[in-house]
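> Dropping a structure here in structure tokens format, bear with me for questions.
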Amino acid sequence: MYDIAIIGSGPAGLSAAVYAKRAELDTVIIEKEYMGTGQIAESSRVDNYLGLYGESGFDLGEKFRSHAKNVGAEFNEAEIVKIIPLKENFLLKTADGQEITARTIIYAAGTTHRKLGIKGESEFLSKGISFCAVCDGAFYAGKSVAVIGGGDTALSDALYLSEMAERVYLMHRRESFRAAAALQKAVKDTANIECILNAVPIEFIGEKKLQAVKYLRNGEEKLLPVDGVFIAVGNIPNSGLLKGIADMDENGYIIADENGITSAEGIFAAGDVRTKTLRQVVTAVADGANCAESARRYLSQKRS
């Protein structure tokens with residue numbers, strides 16, 4: 001039996017493993033993706049992680065994974081399909097028939113980007129298409145970009161990008177935005193943001209990198225030349241395994257504070273899957289450390 005089972009090997013899970021091993025806790029990291037390091041691997045370059053300016057997301061993720069491995073964390077490549085709370089511990093069942101028992105769980109399964117599902121989307125990911133304006137916006141200084149979406153995130157991304165990009169096109173499939181009124185006013189008052197409403201993207205076009213968005217508006221196909229596109233149509237928290245076990249908000253994010261403590265005793269939530277304002281690698285790493293410390297204290301109290 002493990003002291004801690006960490007579900008997910010993104011920055012939050014790997015950070016939790018480092019802190020758990022430093023506390024001499026028997027720890028396993030369970031990850032369904034081969035050598036997975038989370039969504040950070042999708043970023044072509046990371047400029048906002050302190051001390052490691054300009055690293056590619058893939059390289060930074062590999063460093064995190066190597067660090068966890070070097071301190072003795074155990075990795076298990078498997079997909080958890082069910083979590084069963086027992087009297088004093090948890091039983092985790094995997095898709096390949098394994099049964100893993102642990103005294104505590106650090107749940108760091110992250111989120112999945114909600115995709116548009118149109119031609120060229122996968123092809124130009126990290127080649128002009130991004131899901132994170134804060135991560136990748138600086139690469140488009142002085143260039144033209146499009147933000148696709150109509151909620152708070154999309155409008156916030158457009159405002160953020162307007163500070164560095166020459167032109168920002170805000171494309172939404174409806175005739176009005178869903179975002180907060182204050183955000184809508186700010187967008188309207190920003191000279192280099194142009195709104196394209198009633199527009200449905202149907203294809204991303206380019207050769208080696210993205211060059212344009214083809215979209216449908218009022219029954220007519222149009223082409224928008226851009227250097228980059230930021231898709232902001234939401235994220236889906238990978239929290240299904242804890243449904244009925246831990247409390248979640250209306251969007252499915254696990255309710256937990258910065259200490260990672262959830263409503264389920266012995267379960268801690270870290271990274272993008274928990275309720276929080278800023279979902280970045282730096283906050284994920286902090287979450288992992290806090291969860292490991294919370295789990296250590298929990299186990300210490302149970303043993304005393």
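Numbering starts fresh at 1 for the residues of each chain in the structure tokens, the chains themselves are lettered A, B, ... in the order given, and ligands are numbered from 1 as they appear.
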Which polymer residues have any atom within 8 Å of an atom of Gly271 in chain A, counting only C-alpha atoms, with same-chain residues fewer than 3 positions away left out, as a PyMOL selection string?

chain A and resi 11-13+108-110+274+279+283-285+287-288

> Could you take the residues named above and write them with C-alpha atoms, as a PDB file, in the first residue's frame?


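For reference, part.pdb as written:
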ATOM      1  CA  PRO A  11       3.592  19.941 -13.221  1.00  0.00           C
ATOM      2  CA  ALA A  12       1.190  19.656 -10.256  1.00  0.00           C
ATOM      3  CA  GLY A  13       1.542  15.905  -9.935  1.00  0.00           C
ATOM      4  CA  ALA A 108      -3.878  16.259 -10.430  1.00  0.00           C
ATOM      5  CA  ALA A 109      -5.611  15.060 -13.584  1.00  0.00           C
ATOM      6  CA  GLY A 110      -5.821  18.534 -15.112  1.00  0.00           C
ATOM      7  CA  ARG A 274      -9.263  22.516  -8.855  1.00  0.00           C
ATOM      8  CA  ARG A 279      -4.181  28.177 -14.241  1.00  0.00           C
ATOM      9  CA  THR A 283       0.425  27.762  -9.730  1.00  0.00           C
ATOM     10  CA  ALA A 284       0.280  24.059 -10.582  1.00  0.00           C
ATOM     11  CA  VAL A 285       3.739  23.490  -9.108  1.00  0.00           C
ATOM     12  CA  ASP A 287      -0.465  23.333  -5.704  1.00  0.00           C
ATOM     13  CA  GLY A 288       1.493  20.100  -5.868  1.00  0.00           C
TER      14      GLY A 288
END

> Apply DSSP to the backbone of this structure and, from range 97-299 of chain A, keep only the residues in strand (DSSP E); write these as a ChimeraX atom specification.

/A:99-107,111-113,129-130,144-148,167-171,193-196,199-206,210-217,220-225,228-231,235-237,267-269

> With distances taken over only C-alpha atoms, which residue among A:Phe204, A:Tyr253, A:Phe58, A:Tyr19 lies nearest Ile231 in chain A?

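Closest candidate: A:Phe204.
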
> Please list as a PDB file with N, CA, C and O atoms, in the first residue's frame every residue within 7 Å of Val226 in chain A, counting only C-alpha atoms and excluding residues in the same chain fewer than 6 positions away.


ATOM      1  N   SER A 144      -0.697  40.004 -36.141  1.00  0.00           N
ATOM      2  CA  SER A 144      -2.152  39.926 -36.073  1.00  0.00           C
ATOM      3  C   SER A 144      -2.568  38.541 -35.593  1.00  0.00           C
ATOM      4  O   SER A 144      -2.017  37.524 -36.033  1.00  0.00           O
ATOM      5  N   VAL A 145      -3.530  38.523 -34.683  1.00  0.00           N
ATOM      6  CA  VAL A 145      -4.003  37.266 -34.115  1.00  0.00           C
ATOM      7  C   VAL A 145      -5.527  37.267 -34.054  1.00  0.00           C
ATOM      8  O   VAL A 145      -6.165  38.326 -34.089  1.00  0.00           O
ATOM      9  N   ALA A 146      -6.081  36.092 -33.942  1.00  0.00           N
ATOM     10  CA  ALA A 146      -7.518  35.941 -33.733  1.00  0.00           C
ATOM     11  C   ALA A 146      -7.756  35.175 -32.450  1.00  0.00           C
ATOM     12  O   ALA A 146      -7.018  34.237 -32.124  1.00  0.00           O
ATOM     13  N   GLN A 211      -1.668  30.308 -41.402  1.00  0.00           N
ATOM     14  CA  GLN A 211      -1.663  31.555 -42.154  1.00  0.00           C
ATOM     15  C   GLN A 211      -3.025  32.246 -42.203  1.00  0.00           C
ATOM     16  O   GLN A 211      -3.107  33.455 -42.392  1.00  0.00           O
ATOM     17  N   ALA A 212      -4.101  31.475 -42.001  1.00  0.00           N
ATOM     18  CA  ALA A 212      -5.426  32.084 -42.107  1.00  0.00           C
ATOM     19  C   ALA A 212      -6.489  31.194 -41.474  1.00  0.00           C
ATOM     20  O   ALA A 212      -6.292  29.995 -41.273  1.00  0.00           O
TER      21      ALA A 212
END

> If you count only C-alpha atoms, which residues fall within 12 Å of Ala270 in chain A, apart from same-chain ones fewer than 3 positions away, as an MDAnalysis selection string?

chainID A and resid 6:17 105:111 237:239 253:262 267 273:276 279:295

> Restricted to N, CA and C atoms, what would the selected residues look like written as a short mmCIF file (atom, residue, chain, number, x, y, z; two decimals), in the first residue's frame?


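Saved file selection_27.cif follows:
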data_model
loop_
_atom_site.label_atom_id
_atom_site.label_comp_id
_atom_site.auth_asym_id
_atom_site.auth_seq_id
_atom_site.Cartn_x
_atom_site.Cartn_y
_atom_site.Cartn_z
N ILE A 6 -0.64 9.60 -6.66
CA ILE A 6 -0.82 10.85 -7.39
C ILE A 6 -1.38 10.51 -8.76
N ILE A 7 -2.53 11.07 -9.08
CA ILE A 7 -3.15 10.81 -10.37
C ILE A 7 -2.87 11.99 -11.28
N GLY A 8 -2.02 11.77 -12.28
CA GLY A 8 -1.63 12.82 -13.21
C GLY A 8 -0.17 13.20 -13.05
N SER A 9 0.54 13.29 -14.19
CA SER A 9 1.98 13.61 -14.12
C SER A 9 2.30 14.91 -14.85
N GLY A 10 1.40 15.89 -14.73
CA GLY A 10 1.72 17.23 -15.16
C GLY A 10 2.54 17.93 -14.09
N PRO A 11 2.79 19.22 -14.22
CA PRO A 11 3.59 19.94 -13.22
C PRO A 11 3.07 19.80 -11.80
N ALA A 12 1.75 19.79 -11.61
CA ALA A 12 1.19 19.66 -10.26
C ALA A 12 1.52 18.30 -9.66
N GLY A 13 1.28 17.24 -10.44
CA GLY A 13 1.54 15.90 -9.94
C GLY A 13 3.01 15.64 -9.70
N LEU A 14 3.87 16.12 -10.59
CA LEU A 14 5.31 15.89 -10.43
C LEU A 14 5.86 16.69 -9.25
N SER A 15 5.38 17.90 -9.07
CA SER A 15 5.80 18.68 -7.92
C SER A 15 5.37 18.00 -6.62
N ALA A 16 4.14 17.49 -6.60
CA ALA A 16 3.66 16.77 -5.41
C ALA A 16 4.56 15.57 -5.11
N ALA A 17 4.99 14.89 -6.16
CA ALA A 17 5.84 13.72 -5.96
C ALA A 17 7.18 14.09 -5.35
N ILE A 105 -4.87 10.33 -1.70
CA ILE A 105 -4.82 10.58 -3.14
C ILE A 105 -4.55 12.06 -3.36
N ILE A 106 -3.61 12.36 -4.25
CA ILE A 106 -3.46 13.72 -4.77
C ILE A 106 -3.95 13.68 -6.20
N TYR A 107 -5.06 14.36 -6.43
CA TYR A 107 -5.71 14.30 -7.74
C TYR A 107 -5.26 15.49 -8.57
N ALA A 108 -4.47 15.21 -9.59
CA ALA A 108 -3.88 16.26 -10.43
C ALA A 108 -4.07 15.91 -11.90
N ALA A 109 -5.31 15.55 -12.24
CA ALA A 109 -5.61 15.06 -13.58
C ALA A 109 -5.79 16.16 -14.62
N GLY A 110 -5.80 17.42 -14.18
CA GLY A 110 -5.82 18.53 -15.11
C GLY A 110 -7.14 18.72 -15.85
N THR A 111 -7.05 19.41 -16.96
CA THR A 111 -8.22 19.68 -17.80
C THR A 111 -7.90 19.31 -19.24
N PRO A 237 -12.74 20.04 -17.11
CA PRO A 237 -11.95 19.44 -16.04
C PRO A 237 -12.05 17.93 -16.05
N ASN A 238 -10.93 17.28 -15.90
CA ASN A 238 -10.91 15.81 -15.89
C ASN A 238 -11.20 15.31 -14.47
N SER A 239 -12.40 15.60 -14.02
CA SER A 239 -12.75 15.33 -12.62
C SER A 239 -13.77 14.21 -12.45
N TYR A 253 -15.21 21.63 -11.68
CA TYR A 253 -13.90 21.76 -11.03
C TYR A 253 -14.01 21.33 -9.57
N ILE A 254 -12.98 20.66 -9.08
CA ILE A 254 -12.99 20.18 -7.71
C ILE A 254 -12.79 21.35 -6.75
N ILE A 255 -13.67 21.49 -5.78
CA ILE A 255 -13.59 22.59 -4.83
C ILE A 255 -12.47 22.30 -3.82
N ALA A 256 -11.45 23.15 -3.86
CA ALA A 256 -10.32 23.01 -2.93
C ALA A 256 -9.59 24.35 -2.86
N ASP A 257 -9.05 24.66 -1.69
CA ASP A 257 -8.28 25.89 -1.56
C ASP A 257 -6.82 25.63 -1.92
N GLU A 258 -5.95 26.60 -1.64
CA GLU A 258 -4.55 26.44 -2.05
C GLU A 258 -3.84 25.32 -1.30
N ASN A 259 -4.42 24.83 -0.21
CA ASN A 259 -3.84 23.68 0.49
C ASN A 259 -4.28 22.36 -0.14
N GLY A 260 -5.19 22.44 -1.09
CA GLY A 260 -5.62 21.25 -1.82
C GLY A 260 -6.63 20.39 -1.10
N ILE A 261 -7.11 20.83 0.05
CA ILE A 261 -8.02 20.00 0.84
C ILE A 261 -9.42 20.02 0.23
N THR A 262 -9.94 18.85 -0.06
CA THR A 262 -11.27 18.72 -0.65
C THR A 262 -12.28 18.30 0.42
N ILE A 267 -8.36 13.03 0.29
CA ILE A 267 -8.19 13.35 -1.13
C ILE A 267 -7.86 14.84 -1.27
N VAL A 273 -7.29 21.24 -12.32
CA VAL A 273 -8.57 20.58 -12.05
C VAL A 273 -9.30 21.16 -10.84
N ARG A 274 -8.61 21.96 -10.05
CA ARG A 274 -9.26 22.52 -8.86
C ARG A 274 -9.75 23.94 -9.12
N THR A 275 -10.66 24.40 -8.27
CA THR A 275 -11.16 25.77 -8.37
C THR A 275 -10.04 26.76 -8.08
N LYS A 276 -9.79 27.67 -9.02
CA LYS A 276 -8.75 28.67 -8.86
C LYS A 276 -8.90 29.73 -9.95
N ARG A 279 -4.62 29.53 -13.93
CA ARG A 279 -4.18 28.18 -14.24
C ARG A 279 -2.91 28.27 -15.09
N GLN A 280 -1.78 28.21 -14.41
CA GLN A 280 -0.47 28.33 -15.04
C GLN A 280 0.47 27.31 -14.41
N VAL A 281 1.60 27.08 -15.06
CA VAL A 281 2.54 26.08 -14.54
C VAL A 281 3.02 26.46 -13.14
N VAL A 282 3.22 27.75 -12.89
CA VAL A 282 3.73 28.17 -11.59
C VAL A 282 2.72 27.88 -10.48
N THR A 283 1.42 28.06 -10.76
CA THR A 283 0.42 27.76 -9.73
C THR A 283 0.22 26.26 -9.58
N ALA A 284 0.39 25.51 -10.66
CA ALA A 284 0.28 24.06 -10.58
C ALA A 284 1.38 23.47 -9.71
N VAL A 285 2.60 23.97 -9.90
CA VAL A 285 3.74 23.49 -9.11
C VAL A 285 3.52 23.81 -7.63
N ALA A 286 3.02 25.01 -7.36
CA ALA A 286 2.73 25.38 -5.96
C ALA A 286 1.65 24.48 -5.37
N ASP A 287 0.61 24.22 -6.17
CA ASP A 287 -0.46 23.33 -5.70
C ASP A 287 0.08 21.96 -5.31
N GLY A 288 0.94 21.42 -6.15
CA GLY A 288 1.49 20.10 -5.87
C GLY A 288 2.25 20.06 -4.56
N ALA A 289 3.06 21.10 -4.32
CA ALA A 289 3.82 21.17 -3.07
C ALA A 289 2.87 21.26 -1.87
N ASN A 290 1.86 22.12 -1.99
CA ASN A 290 0.90 22.28 -0.88
C ASN A 290 0.12 21.00 -0.62
N CYS A 291 -0.27 20.30 -1.68
CA CYS A 291 -1.01 19.05 -1.50
C CYS A 291 -0.16 17.99 -0.81
N ALA A 292 1.10 17.91 -1.19
CA ALA A 292 1.98 16.93 -0.55
C ALA A 292 2.12 17.22 0.93
N GLU A 293 2.23 18.50 1.27
CA GLU A 293 2.34 18.87 2.69
C GLU A 293 1.03 18.59 3.41
N SER A 294 -0.09 18.87 2.77
CA SER A 294 -1.39 18.58 3.39
C SER A 294 -1.55 17.07 3.61
N ALA A 295 -1.13 16.28 2.63
CA ALA A 295 -1.21 14.82 2.77
C ALA A 295 -0.29 14.33 3.88
#

> Show which residues sit within 12 Å of Glu220 in chain A, as a ChimeraX atom specification. Count only C-alpha atoms, and ignore same-chain residues fewer than 2 positions away.

/A:198-202,214-218,222-223

> Have a look at CA of Ile4 in chain A and CA of Gly61 in chain A and let me know their distance in Å, one decimal.

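Between these atoms lies a distance of 21.4 Å.
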
> Taking 5 positions as the minimum chain separation for residues in the same chain, which residues sit within 6 Å of range 160-171 of chain A when counting only C-alpha atoms? Answer as number ranges by chain.

A: 140-148, 192-197

> Please run DSSP on the backbone and report, as number ranges by chain, all residues within range 106-222 of chain A that come out as alpha helix (DSSP H).

A: 133-136, 152-162, 181-188

> List the spatial neighbours of Glu121 in chain A as number ranges by chain - criterion: any atom at most 12 Å away, only C-alpha atoms, same-chain residues fewer than 5 positions off excluded.

A: 114-116, 126-131, 201-206, 209-210, 212-214, 228-231

> Between CA of Asp189 in chain A and CA of Leu224 in chain A, measure the distance and give it in Å to one decimal.

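Separating CA of Asp189 in chain A from CA of Leu224 in chain A is a distance of 22.3 Å.
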
> Nearest to Leu242 in chain A among A:Gly150, A:Ser156, A:Ile80, A:Val46, with distances taken over only C-alpha atoms: which residue is it?

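For Leu242 in chain A, the nearest of the given residues is A:Ile80.
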